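K.L.:
Enclosed is the structure file upload-v5.cif (mmCIF, C-alpha atoms).
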```cif
data_structure
#
loop_
_atom_site.label_atom_id
_atom_site.label_comp_id
_atom_site.auth_asym_id
_atom_site.auth_seq_id
_atom_site.Cartn_x
_atom_site.Cartn_y
_atom_site.Cartn_z
CA MET A 126 0.00 0.00 0.00
CA SER A 127 1.12 3.57 -0.58
CA GLU A 128 2.32 5.72 2.30
CA GLN A 129 -0.19 7.26 4.62
CA VAL A 130 -1.43 10.66 3.47
CA ASN A 131 0.33 13.56 5.23
CA SER A 132 -1.43 15.05 8.21
CA VAL A 133 -2.63 18.67 8.13
CA ASP A 134 -3.52 20.40 11.41
CA PHE A 135 -7.23 20.80 12.08
CA GLY A 136 -7.03 21.00 15.86
CA PRO A 137 -9.41 18.47 17.47
CA MET A 138 -10.56 17.41 13.97
CA THR A 139 -7.07 16.43 12.78
CA GLN A 140 -7.54 12.70 13.35
CA VAL A 141 -10.87 12.68 11.51
CA MET A 142 -9.31 14.52 8.57
CA ASP A 143 -6.42 12.02 8.49
CA PHE A 144 -8.97 9.20 8.41
CA LEU A 145 -11.02 10.85 5.64
CA MET A 146 -7.96 11.52 3.48
CA GLU A 147 -6.67 7.98 4.00
CA LEU A 148 -10.09 6.70 2.86
CA ASP A 149 -9.53 8.47 -0.47
CA LYS A 150 -7.55 5.34 -1.40
CA LEU A 151 -10.73 3.24 -1.53
CA LYS A 152 -11.38 4.98 -4.88
CA ARG A 153 -8.37 3.07 -6.23
CA VAL A 154 -9.60 -0.43 -5.30
CA GLU A 155 -10.98 -2.17 -8.39
CA ARG A 156 -13.83 -4.67 -8.34
CA ARG A 157 -14.64 -7.27 -11.01
CA THR A 158 -17.87 -5.53 -11.94
CA ARG A 159 -17.73 -2.95 -14.73
CA LEU A 160 -20.01 0.05 -15.12
CA ILE A 161 -23.23 -0.72 -16.99
CA GLY A 162 -22.69 -0.16 -20.70
CA ASN A 163 -19.13 1.00 -20.07
CA SER A 164 -15.78 -0.75 -20.08
CA ARG A 165 -14.37 0.68 -16.86
CA HIS A 166 -14.16 -1.45 -13.72
CA GLU A 167 -16.16 -0.22 -10.76
CA ASN A 168 -14.19 0.76 -7.67
CA SER A 169 -15.06 0.01 -4.07
CA ALA A 170 -15.79 3.64 -3.11
CA GLU A 171 -18.44 4.18 -5.78
CA HIS A 172 -19.79 0.67 -5.07
CA SER A 173 -20.18 1.68 -1.40
CA TRP A 174 -22.17 4.73 -2.48
CA HIS A 175 -24.36 2.59 -4.72
CA LEU A 176 -24.94 0.09 -1.90
CA ALA A 177 -25.89 2.85 0.55
CA VAL A 178 -28.42 4.31 -1.90
CA ALA A 179 -29.76 0.78 -2.50
CA ALA A 180 -30.24 0.41 1.26
CA MET A 181 -32.19 3.70 1.44
CA SER A 182 -34.28 2.69 -1.56
CA LEU A 183 -35.01 -0.97 -0.80
CA ALA A 184 -35.49 -0.90 2.98
CA PRO A 185 -39.26 -0.26 2.58
CA PHE A 186 -39.47 -3.53 0.61
CA PHE A 187 -37.70 -5.67 3.21
CA GLU A 188 -40.04 -7.01 5.83
CA GLY A 189 -37.38 -7.81 8.40
CA GLY A 190 -37.63 -4.37 10.03
CA THR A 191 -34.22 -2.75 9.65
CA ASP A 192 -32.90 0.56 10.94
CA VAL A 193 -32.09 2.20 7.60
CA GLN A 194 -29.70 4.68 9.15
CA ARG A 195 -27.51 1.91 10.58
CA VAL A 196 -27.60 -0.08 7.34
CA VAL A 197 -26.57 2.99 5.34
CA GLN A 198 -23.64 3.64 7.68
CA MET A 199 -22.58 -0.02 7.47
CA ALA A 200 -22.74 0.17 3.68
CA LEU A 201 -20.53 3.27 3.69
CA LEU A 202 -17.89 1.56 5.86
CA HIS A 203 -18.17 -2.10 4.85
CA ASP A 204 -15.36 -2.11 2.27
CA VAL A 205 -12.83 0.36 3.71
CA VAL A 206 -10.56 -2.51 4.77
CA GLU A 207 -9.99 -3.20 1.07
CA ILE A 208 -7.62 -0.21 1.11
CA ASP A 209 -5.09 -2.61 2.64
CA ALA A 210 -6.54 -6.02 1.79
CA GLY A 211 -7.90 -5.49 -1.74
CA ASP A 212 -11.16 -6.76 -3.20
CA VAL A 213 -11.80 -10.48 -3.57
CA MET A 214 -14.73 -11.77 -5.60
CA VAL A 215 -17.58 -13.27 -3.59
CA TYR A 216 -17.16 -16.62 -5.39
CA ASP A 217 -13.45 -17.00 -4.57
CA LEU A 218 -13.97 -18.66 -1.20
CA ALA A 219 -10.34 -19.69 -0.62
CA ALA A 220 -9.02 -16.16 -1.25
CA ARG A 221 -11.72 -14.67 0.94
CA GLU A 222 -10.74 -16.94 3.81
CA ALA A 223 -7.07 -16.15 3.29
CA ILE A 224 -7.49 -12.40 3.54
CA SER A 225 -9.79 -12.29 6.54
CA HIS A 226 -6.91 -11.64 8.97
CA GLN A 227 -5.60 -8.88 6.67
CA GLU A 228 -9.04 -7.29 6.80
CA VAL A 229 -9.02 -7.28 10.59
CA ALA A 230 -5.55 -5.71 10.61
CA ALA A 231 -6.80 -3.11 8.12
CA ALA A 232 -9.76 -2.32 10.35
CA ASP A 233 -7.35 -1.90 13.29
CA ARG A 234 -5.19 0.48 11.28
CA LEU A 235 -7.90 2.55 9.56
CA PHE A 236 -10.40 2.95 12.39
CA GLY A 237 -7.39 3.40 14.69
CA LEU A 238 -6.76 6.75 12.99
CA LEU A 239 -9.95 8.11 14.58
CA PRO A 240 -10.50 9.60 18.05
CA ALA A 241 -11.72 6.99 20.55
CA ALA A 242 -15.49 7.58 20.46
CA LEU A 243 -15.75 7.52 16.65
CA GLN A 244 -13.29 4.64 16.45
CA GLN A 245 -15.46 2.51 18.71
CA ARG A 246 -18.67 3.38 16.89
CA PHE A 247 -17.35 2.80 13.37
CA ARG A 248 -15.48 -0.36 14.35
CA ALA A 249 -18.59 -1.74 16.03
CA LEU A 250 -20.57 -1.13 12.82
CA TRP A 251 -17.90 -2.86 10.73
CA ASP A 252 -17.66 -5.80 13.16
CA GLU A 253 -21.43 -6.13 13.13
CA TYR A 254 -21.48 -6.13 9.32
CA GLU A 255 -18.74 -8.78 9.22
CA ALA A 256 -20.49 -10.99 11.78
CA GLY A 257 -23.63 -10.79 9.66
CA GLU A 258 -25.92 -11.77 12.52
CA SER A 259 -28.05 -8.74 13.38
CA VAL A 260 -31.00 -7.96 11.15
CA ASP A 261 -29.29 -4.75 9.95
CA ALA A 262 -26.09 -6.62 9.08
CA ARG A 263 -28.01 -9.38 7.33
CA PHE A 264 -29.90 -6.83 5.23
CA ALA A 265 -26.64 -5.03 4.35
CA ASN A 266 -24.96 -8.33 3.46
CA MET A 267 -27.88 -9.42 1.29
CA LEU A 268 -27.82 -6.11 -0.57
CA ASP A 269 -24.07 -6.45 -1.09
CA ARG A 270 -24.70 -9.84 -2.73
CA ALA A 271 -27.77 -8.77 -4.67
CA LEU A 272 -26.47 -5.50 -6.11
CA PRO A 273 -23.71 -6.96 -8.37
CA ILE A 274 -26.17 -9.65 -9.50
CA ILE A 275 -28.63 -6.94 -10.51
CA GLN A 276 -25.81 -4.99 -12.21
CA ASN A 277 -24.87 -8.14 -14.14
CA LEU A 278 -28.49 -8.71 -15.17
CA HIS A 279 -28.46 -5.19 -16.67
CA ASN A 280 -25.04 -5.65 -18.26
CA GLN A 281 -25.29 -8.96 -20.14
CA GLY A 282 -23.66 -10.96 -17.34
CA GLN A 283 -20.35 -9.11 -17.76
CA SER A 284 -18.48 -10.15 -14.60
CA TRP A 285 -19.93 -13.69 -14.66
CA LYS A 286 -18.78 -14.22 -18.25
CA GLU A 287 -15.34 -12.70 -17.64
CA ASN A 288 -14.77 -14.89 -14.58
CA GLY A 289 -16.44 -18.11 -15.75
CA ILE A 290 -19.02 -18.11 -12.96
CA ARG A 291 -21.53 -20.98 -12.85
CA LEU A 292 -25.22 -20.68 -11.97
CA GLU A 293 -24.79 -23.17 -9.14
CA GLN A 294 -22.14 -20.95 -7.54
CA VAL A 295 -24.50 -17.99 -7.50
CA LEU A 296 -27.31 -20.13 -6.09
CA ALA A 297 -25.02 -21.65 -3.42
CA ARG A 298 -23.68 -18.26 -2.28
CA ASN A 299 -27.16 -16.81 -1.91
CA VAL A 300 -28.93 -19.35 0.27
CA ALA A 301 -29.35 -16.69 2.97
CA LEU A 302 -31.01 -14.34 0.49
CA ALA A 303 -33.37 -17.13 -0.60
CA GLU A 304 -34.33 -17.82 3.01
CA GLN A 305 -34.44 -14.30 4.39
CA TRP A 306 -35.73 -12.21 1.52
CA PRO A 307 -37.80 -14.49 -0.70
CA ALA A 308 -39.69 -11.56 -2.26
CA LEU A 309 -36.42 -10.40 -3.86
CA TRP A 310 -34.93 -13.84 -4.34
CA ASN A 311 -37.86 -15.23 -6.30
CA HIS A 312 -37.28 -12.58 -8.96
CA LEU A 313 -33.49 -12.99 -8.91
CA GLN A 314 -33.69 -16.76 -9.21
CA GLY A 315 -35.88 -16.58 -12.31
CA HIS A 316 -33.54 -14.06 -13.92
CA LEU A 317 -30.46 -16.15 -13.02
CA ILE A 318 -31.91 -19.25 -14.67
CA GLU A 319 -32.73 -17.17 -17.74
CA ALA A 320 -29.18 -15.70 -17.65
CA GLN A 321 -27.71 -19.20 -17.84
CA ARG A 322 -29.98 -19.98 -20.79
CA LYS A 323 -28.55 -16.90 -22.55
CA GLY A 324 -24.99 -18.05 -21.83
CA TRP A 325 -24.21 -15.29 -19.33
CA LEU A 326 -23.61 -17.92 -16.60
CA GLN A 327 -22.15 -21.37 -17.08
CA MET B 103 -27.01 11.32 -22.10
CA SER B 104 -27.00 7.62 -22.92
CA GLU B 105 -30.26 5.71 -23.20
CA GLN B 106 -32.04 4.68 -20.05
CA VAL B 107 -30.93 1.30 -18.74
CA ASN B 108 -33.31 -1.54 -19.72
CA SER B 109 -35.88 -2.50 -17.13
CA VAL B 110 -35.83 -5.99 -15.58
CA ASP B 111 -38.94 -7.24 -13.77
CA PHE B 112 -38.70 -7.22 -9.97
CA GLY B 113 -42.43 -7.01 -9.25
CA PRO B 114 -43.17 -4.10 -6.88
CA MET B 115 -39.41 -3.36 -6.70
CA THR B 116 -39.03 -2.84 -10.46
CA GLN B 117 -39.14 0.97 -10.29
CA VAL B 118 -36.53 1.06 -7.52
CA MET B 119 -34.25 -1.22 -9.50
CA ASP B 120 -34.66 0.98 -12.60
CA PHE B 121 -33.70 3.99 -10.46
CA LEU B 122 -30.67 2.23 -8.96
CA MET B 123 -29.40 1.04 -12.33
CA GLU B 124 -29.91 4.49 -13.85
CA LEU B 125 -27.85 5.93 -10.97
CA ASP B 126 -24.92 3.75 -12.09
CA LYS B 127 -24.25 6.57 -14.57
CA LEU B 128 -23.14 8.92 -11.77
CA LYS B 129 -19.92 6.87 -11.73
CA ARG B 130 -19.18 8.34 -15.16
CA VAL B 131 -19.45 12.01 -14.17
CA GLU B 132 -15.99 13.50 -13.75
CA ARG B 133 -15.12 16.23 -11.29
CA ARG B 134 -12.12 18.58 -11.41
CA THR B 135 -10.57 17.03 -8.32
CA ARG B 136 -8.14 14.16 -8.81
CA LEU B 137 -7.48 11.34 -6.35
CA ILE B 138 -4.82 12.19 -3.77
CA GLY B 139 -1.41 11.16 -5.11
CA ASN B 140 -2.99 9.76 -8.26
CA SER B 141 -3.64 11.18 -11.72
CA ARG B 142 -7.23 10.01 -12.13
CA HIS B 143 -10.12 12.46 -11.85
CA GLU B 144 -12.60 11.76 -9.09
CA ASN B 145 -16.15 10.97 -10.16
CA SER B 146 -19.35 12.19 -8.55
CA ALA B 147 -20.42 8.78 -7.21
CA GLU B 148 -17.25 8.19 -5.21
CA HIS B 149 -17.30 11.85 -4.15
CA SER B 150 -20.83 11.31 -2.80
CA TRP B 151 -19.57 8.33 -0.77
CA HIS B 152 -16.68 10.41 0.58
CA LEU B 153 -19.04 13.25 1.51
CA ALA B 154 -21.42 10.88 3.31
CA VAL B 155 -18.55 9.39 5.35
CA ALA B 156 -17.33 12.93 6.09
CA ALA B 157 -20.82 13.77 7.40
CA MET B 158 -20.81 10.70 9.69
CA SER B 159 -17.31 11.56 10.90
CA LEU B 160 -17.55 15.32 11.36
CA ALA B 161 -21.09 15.73 12.72
CA PRO B 162 -19.83 15.39 16.34
CA PHE B 163 -17.59 18.43 15.71
CA PHE B 164 -20.34 20.68 14.36
CA GLU B 165 -22.18 22.53 17.08
CA GLY B 166 -25.25 23.37 15.01
CA GLY B 167 -27.05 20.17 16.03
CA THR B 168 -27.67 18.21 12.83
CA ASP B 169 -29.54 14.96 12.25
CA VAL B 170 -26.65 12.89 10.87
CA GLN B 171 -28.94 10.40 9.21
CA ARG B 172 -30.62 13.09 7.11
CA VAL B 173 -27.29 14.72 6.21
CA VAL B 174 -25.89 11.35 5.10
CA GLN B 175 -28.91 10.71 2.89
CA MET B 176 -28.65 14.22 1.40
CA ALA B 177 -24.98 13.61 0.69
CA LEU B 178 -25.79 10.35 -1.09
CA LEU B 179 -28.39 12.05 -3.32
CA HIS B 180 -27.01 15.58 -3.70
CA ASP B 181 -25.21 15.05 -7.02
CA VAL B 182 -27.44 12.54 -8.84
CA VAL B 183 -28.76 15.30 -11.11
CA GLU B 184 -25.27 15.51 -12.60
CA ILE B 185 -26.15 12.34 -14.55
CA ASP B 186 -28.04 14.67 -16.91
CA ALA B 187 -26.56 18.08 -16.09
CA GLY B 188 -22.87 17.28 -15.55
CA ASP B 189 -20.54 18.65 -12.89
CA VAL B 190 -19.71 22.34 -12.78
CA MET B 191 -16.92 23.64 -10.59
CA VAL B 192 -18.02 25.61 -7.55
CA TYR B 193 -16.09 28.68 -8.74
CA ASP B 194 -17.75 28.82 -12.17
CA LEU B 195 -20.73 30.91 -11.07
CA ALA B 196 -22.09 31.66 -14.55
CA ALA B 197 -22.13 28.00 -15.56
CA ARG B 198 -23.73 27.01 -12.28
CA GLU B 199 -26.53 29.51 -12.81
CA ALA B 200 -26.99 28.33 -16.40
CA ILE B 201 -27.46 24.66 -15.50
CA SER B 202 -29.80 25.12 -12.56
CA HIS B 203 -32.91 24.50 -14.70
CA GLN B 204 -31.27 21.38 -16.17
CA GLU B 205 -30.68 20.13 -12.66
CA VAL B 206 -34.35 20.55 -11.79
CA ALA B 207 -35.35 18.69 -14.96
CA ALA B 208 -32.86 15.94 -14.04
CA ALA B 209 -34.37 15.68 -10.56
CA ASP B 210 -37.83 15.38 -12.14
CA ARG B 211 -36.64 12.60 -14.44
CA LEU B 212 -34.50 10.60 -11.99
CA PHE B 213 -36.65 10.75 -8.87
CA GLY B 214 -39.65 10.30 -11.18
CA LEU B 215 -38.44 6.75 -11.82
CA LEU B 216 -39.34 5.86 -8.21
CA PRO B 217 -42.67 4.85 -6.70
CA ALA B 218 -44.56 7.81 -5.23
CA ALA B 219 -43.60 7.55 -1.53
CA LEU B 220 -39.86 7.20 -2.18
CA GLN B 221 -39.99 9.79 -4.93
CA GLN B 222 -41.48 12.35 -2.56
CA ARG B 223 -39.02 11.56 0.22
CA PHE B 224 -35.87 11.64 -1.95
CA ARG B 225 -37.01 14.70 -3.88
CA ALA B 226 -37.74 16.53 -0.63
CA LEU B 227 -34.21 15.75 0.58
CA TRP B 228 -32.69 16.98 -2.68
CA ASP B 229 -34.84 20.15 -2.67
CA GLU B 230 -33.85 20.80 0.94
CA TYR B 231 -30.17 20.38 0.06
CA GLU B 232 -30.50 22.74 -2.91
CA ALA B 233 -32.35 25.37 -0.86
CA GLY B 234 -29.55 25.20 1.71
CA GLU B 235 -31.66 26.72 4.46
CA SER B 236 -32.24 24.01 7.07
CA VAL B 237 -29.44 23.24 9.49
CA ASP B 238 -28.98 19.78 7.93
CA ALA B 239 -28.77 21.25 4.42
CA ARG B 240 -26.35 23.94 5.55
CA PHE B 241 -24.10 21.35 7.18
CA ALA B 242 -24.20 19.17 4.03
CA ASN B 243 -23.46 22.18 1.82
CA MET B 244 -20.55 23.28 4.01
CA LEU B 245 -19.07 19.80 3.90
CA ASP B 246 -19.45 19.73 0.12
CA ARG B 247 -17.42 22.96 -0.05
CA ALA B 248 -14.88 21.95 2.59
CA LEU B 249 -14.10 18.43 1.36
CA PRO B 250 -12.48 19.37 -1.98
CA ILE B 251 -10.53 22.13 -0.19
CA ILE B 252 -9.20 19.55 2.26
CA GLN B 253 -8.42 17.18 -0.63
CA ASN B 254 -6.51 19.99 -2.36
CA LEU B 255 -4.58 20.77 0.83
CA HIS B 256 -3.45 17.11 0.84
CA ASN B 257 -2.70 17.07 -2.89
CA GLN B 258 -0.55 20.16 -3.46
CA GLY B 259 -3.48 22.29 -4.59
CA GLN B 260 -4.05 20.14 -7.68
CA SER B 261 -7.47 21.36 -8.88
CA TRP B 262 -6.73 24.98 -7.89
CA LYS B 263 -3.50 24.99 -9.90
CA GLU B 264 -5.07 23.25 -12.90
CA ASN B 265 -7.97 25.72 -12.99
CA GLY B 266 -6.15 28.91 -12.01
CA ILE B 267 -8.21 29.47 -8.86
CA ARG B 268 -7.45 32.55 -6.74
CA LEU B 269 -7.42 32.69 -2.94
CA GLU B 270 -10.03 35.44 -3.00
CA GLN B 271 -12.42 33.17 -4.92
CA VAL B 272 -12.15 30.47 -2.28
CA LEU B 273 -12.65 32.99 0.50
CA ALA B 274 -15.63 34.60 -1.26
CA ARG B 275 -17.36 31.26 -1.89
CA ASN B 276 -17.01 30.17 1.72
CA VAL B 277 -18.44 33.09 3.64
CA ALA B 278 -21.18 30.80 5.00
CA LEU B 279 -18.59 28.35 6.27
CA ALA B 280 -16.71 31.19 7.99
CA GLU B 281 -19.90 32.37 9.69
CA GLN B 282 -21.51 29.06 10.52
CA TRP B 283 -18.62 26.77 11.32
CA PRO B 284 -15.76 28.96 12.54
CA ALA B 285 -14.04 26.05 14.34
CA LEU B 286 -13.41 24.43 10.94
CA TRP B 287 -13.02 27.65 8.99
CA ASN B 288 -10.27 29.06 11.20
CA HIS B 289 -8.09 26.08 10.33
CA LEU B 290 -9.03 26.15 6.63
CA GLN B 291 -8.36 29.87 6.33
CA GLY B 292 -4.85 29.52 7.74
CA HIS B 293 -4.08 26.65 5.39
CA LEU B 294 -5.52 28.54 2.39
CA ILE B 295 -3.29 31.56 3.03
CA GLU B 296 -0.32 29.22 3.35
CA ALA B 297 -1.40 27.47 0.11
CA GLN B 298 -1.27 30.77 -1.76
CA ARG B 299 2.20 31.41 -0.33
CA LYS B 300 3.28 28.04 -1.78
CA GLY B 301 1.81 28.94 -5.19
CA TRP B 302 -1.06 26.42 -5.03
CA LEU B 303 -3.58 29.28 -5.27
CA GLN B 304 -3.17 32.53 -7.18
#
```
Transcribe the structure of this file into structure tokens.
P.N.:
Amino acid sequence: MSEQVNSVDFGPMTQVMDFLMELDKLKRVERRTRLIGNSRHENSAEHSWHLAVAAMSLAPFFEGGTDVQRVVQMALLHDVVEIDAGDVMVYDLAAREAISHQEVAAADRLFGLLPAALQQRFRALWDEYEAGESVDARFANMLDRALPIIQNLHNQGQSWKENGIRLEQVLARNVALAEQWPALWNHLQGHLIEAQRKGWLQ
Amino acid sequence: MSEQVNSVDFGPMTQVMDFLMELDKLKRVERRTRLIGNSRHENSAEHSWHLAVAAMSLAPFFEGGTDVQRVVQMALLHDVVEIDAGDVMVYDLAAREAISHQEVAAADRLFGLLPAALQQRFRALWDEYEAGESVDARFANMLDRALPIIQNLHNQGQSWKENGIRLEQVLARNVALAEQWPALWNHLQGHLIEAQRKGWLQ
């Protein structure tokens, strides 16, 4: 990773500014997904924005009763650890396992830039998202799975085709979505089967 | 602008999905600011993420008493109209005036993709941000001004140098910040004067 951004004095806000400027690097982390109708790869910062807007927009359609505010804040923070650990595709289970300790170290470093009260609050949100147990974390996790699927459905299966993804992988990785948000899953499943028929998924 | 993204059936969620996929285009809107230590221009989607995280992080330091949740949601939506209207630099007052009716038309089109309840809620947030009168909107507006200044201070005045910006322009455009958030402004002002001394600002 590149060197930490230089600190500029903002009095009691200096640590927050250091954190915010360090987060600028999330704009450099590339994902496998490309923009719809465009050749450029999406980065993790703009993905985090998209996910947060998806949370605001889809919460009224999720019957689990989430606190939208908390889900939005989780979405905004969920990928910051990729600044140090990089992005690994959801279907690459071995690589995901391998980097999990790097992600924890990244969370220590990045949230550690903040003053204590903010550090605890943001770290708790990130830990909750990672644990994926609370209703808010489960909703955020499901959206994080669903959003690239929906992008692919609008972009001729781009990242599935480029990475040789099979329908059964997508189905296997989304069991929680099928169980916990059937109203969304029933639509996704039909479109995924159709996507395989079109050759977008193997 | 490119054609609207094709609709995929998601039952009662179809309109929201159309909206979210149309918003993907915000990732293509370039701003004048470049990433810190990197040659690429920032886009308005990743800027919106950065602004929302800045709101979460700096709200405890603003004594005006904002509702962070509302400011975060404003930050996430504040630039979506640039999908149709493009980004205009804060110092280009004539161009900003000229595109204001395009921005309203863009808000009509984009929020009009949503079902009525969400449309009203998101449009009200965007209108409130644009009016800049409520305490939440003023805080969001001040952050939107301050963030690129802070990025420039960490990036050797990149967008100021590239666009020939003068210190007096920055001071003139941030009178509200000076009046309403002196604890931040006092630091910014000192750094801006120093930036001119270094030749980052004219």
K.L.:
Find the residues around range 219-230 of chain B up to 7 Å (all atoms listed in the file counted), leave out those fewer than 6 positions away in its own chain, and share them as an NGL selection string.
P.N.:
:B and (176 or 179-180 or 213 or 239)
K.L.:
Mind checking which residues fall within 10 Å of Ile295 in chain B, counting only C-alpha atoms, ignoring those fewer than 6 positions away in the same chain, and posting them as number ranges by chain?
P.N.:
B: 269-270, 273, 302-303
K.L.:
Between A:Lys286, A:Arg157, A:His312, A:Arg298, single out the one closest to Gln327 in chain A, counting all atoms listed in the file.
P.N.:
A:Lys286
K.L.:
Once the PyMOL selection byres ((chain B and resi 247-258) around 9) is applied to the coordinates I shared, what remains selected? I want it as a PyMOL selection string.
P.N.:
(chain A and resi 130-133+142+146+149) or (chain B and resi 135-139+152-153+156+192+242-246+259-263+272+275-276+279+286-287+290+293-294+297+300+302)
K.L.:
Under the PyMOL selection byres ((chain A) within 6 of (chain B)), which residues of this model are included? Write them out as a CSV table (one decimal) with C-alpha atoms, in the frame of the given file.
P.N.:
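Result file follows (part_29.csv):
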```csv
chain,number,residue,atom,x,y,z
A,135,PHE,CA,-7.2,20.8,12.1
A,170,ALA,CA,-15.8,3.6,-3.1
A,171,GLU,CA,-18.4,4.2,-5.8
A,174,TRP,CA,-22.2,4.7,-2.5
A,194,GLN,CA,-29.7,4.7,9.2
A,312,HIS,CA,-37.3,-12.6,-9.0
```
K.L.:
Quick one: residues within 10 Å of (-14.0, -11.0, 1.0) (file frame), counting all atoms listed in the file, please, as a list in words.
P.N.:
Asp204, Val206, Glu207, Ala210, Gly211, Asp212, Val213, Met214, Val215, Tyr216, Asp217, Leu218, Ala219, Ala220, Arg221, Glu222, Ala223, Ile224, Ser225, Glu228 and Glu255 of chain A
K.L.:
Since we have the selection now, will you write its residues out, keeping C-alpha atoms, as a compact mmCIF listing (two decimals), keeping the file's coordinate frame?
P.N.:
```
# COMPACT_ATOMS: atom_id res chain seq x y z
CA ASP A 204 -15.36 -2.11 2.27
CA VAL A 206 -10.56 -2.51 4.77
CA GLU A 207 -9.99 -3.20 1.07
CA ALA A 210 -6.54 -6.02 1.79
CA GLY A 211 -7.90 -5.49 -1.74
CA ASP A 212 -11.16 -6.76 -3.20
CA VAL A 213 -11.80 -10.48 -3.57
CA MET A 214 -14.73 -11.77 -5.60
CA VAL A 215 -17.58 -13.27 -3.59
CA TYR A 216 -17.16 -16.62 -5.39
CA ASP A 217 -13.45 -17.00 -4.57
CA LEU A 218 -13.97 -18.66 -1.20
CA ALA A 219 -10.34 -19.69 -0.62
CA ALA A 220 -9.02 -16.16 -1.25
CA ARG A 221 -11.72 -14.67 0.94
CA GLU A 222 -10.74 -16.94 3.81
CA ALA A 223 -7.07 -16.15 3.29
CA ILE A 224 -7.49 -12.40 3.54
CA SER A 225 -9.79 -12.29 6.54
CA GLU A 228 -9.04 -7.29 6.80
CA GLU A 255 -18.74 -8.78 9.22
```
K.L.:
In Å, rounded to a single decimal, give me how far CA of Phe241 in chain B is from CA of Phe164 in chain B.
P.N.:
8.1 Å
K.L.:
Could you please fill out range 179-183 of chain B with all heavy atoms and send it back as a PDB file, keeping the file's coordinate frame?
P.N.:
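out_22.pdb, freshly written:
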```
ATOM      1  N   LEU B 179     -27.523  11.666  -2.192  1.00  0.00           N
ATOM      2  CA  LEU B 179     -28.390  12.050  -3.320  1.00  0.00           C
ATOM      3  C   LEU B 179     -28.014  13.379  -3.963  1.00  0.00           C
ATOM      4  O   LEU B 179     -28.517  13.702  -5.036  1.00  0.00           O
ATOM      5  CB  LEU B 179     -29.855  12.126  -2.840  1.00  0.00           C
ATOM      6  CG  LEU B 179     -30.483  10.825  -2.330  1.00  0.00           C
ATOM      7  CD1 LEU B 179     -31.884  11.093  -1.806  1.00  0.00           C
ATOM      8  CD2 LEU B 179     -30.515   9.753  -3.425  1.00  0.00           C
ATOM      9  N   HIS B 180     -27.138  14.173  -3.317  1.00  0.00           N
ATOM     10  CA  HIS B 180     -27.010  15.580  -3.700  1.00  0.00           C
ATOM     11  C   HIS B 180     -26.550  15.781  -5.138  1.00  0.00           C
ATOM     12  O   HIS B 180     -26.884  16.768  -5.763  1.00  0.00           O
ATOM     13  CB  HIS B 180     -26.103  16.346  -2.726  1.00  0.00           C
ATOM     14  CG  HIS B 180     -24.633  16.194  -2.979  1.00  0.00           C
ATOM     15  ND1 HIS B 180     -23.968  14.990  -2.852  1.00  0.00           N
ATOM     16  CD2 HIS B 180     -23.685  17.092  -3.365  1.00  0.00           C
ATOM     17  CE1 HIS B 180     -22.686  15.164  -3.133  1.00  0.00           C
ATOM     18  NE2 HIS B 180     -22.485  16.420  -3.453  1.00  0.00           N
ATOM     19  N   ASP B 181     -25.781  14.846  -5.679  1.00  0.00           N
ATOM     20  CA  ASP B 181     -25.210  15.050  -7.020  1.00  0.00           C
ATOM     21  C   ASP B 181     -25.858  14.208  -8.113  1.00  0.00           C
ATOM     22  O   ASP B 181     -25.379  14.239  -9.253  1.00  0.00           O
ATOM     23  CB  ASP B 181     -23.698  14.730  -6.995  1.00  0.00           C
ATOM     24  CG  ASP B 181     -22.854  15.971  -6.668  1.00  0.00           C
ATOM     25  OD1 ASP B 181     -23.389  17.095  -6.681  1.00  0.00           O
ATOM     26  OD2 ASP B 181     -21.646  15.800  -6.398  1.00  0.00           O
ATOM     27  N   VAL B 182     -26.902  13.446  -7.813  1.00  0.00           N
ATOM     28  CA  VAL B 182     -27.440  12.540  -8.840  1.00  0.00           C
ATOM     29  C   VAL B 182     -27.888  13.282 -10.094  1.00  0.00           C
ATOM     30  O   VAL B 182     -27.824  12.734 -11.201  1.00  0.00           O
ATOM     31  CB  VAL B 182     -28.577  11.620  -8.321  1.00  0.00           C
ATOM     32  CG1 VAL B 182     -28.078  10.692  -7.224  1.00  0.00           C
ATOM     33  CG2 VAL B 182     -29.782  12.417  -7.859  1.00  0.00           C
ATOM     34  N   VAL B 183     -28.312  14.531  -9.936  1.00  0.00           N
ATOM     35  CA  VAL B 183     -28.760  15.300 -11.110  1.00  0.00           C
ATOM     36  C   VAL B 183     -27.638  15.529 -12.116  1.00  0.00           C
ATOM     37  O   VAL B 183     -27.895  15.847 -13.278  1.00  0.00           O
ATOM     38  CB  VAL B 183     -29.360  16.659 -10.692  1.00  0.00           C
ATOM     39  CG1 VAL B 183     -30.621  16.436  -9.860  1.00  0.00           C
ATOM     40  CG2 VAL B 183     -28.350  17.502  -9.920  1.00  0.00           C
TER      41      VAL B 183
END
```
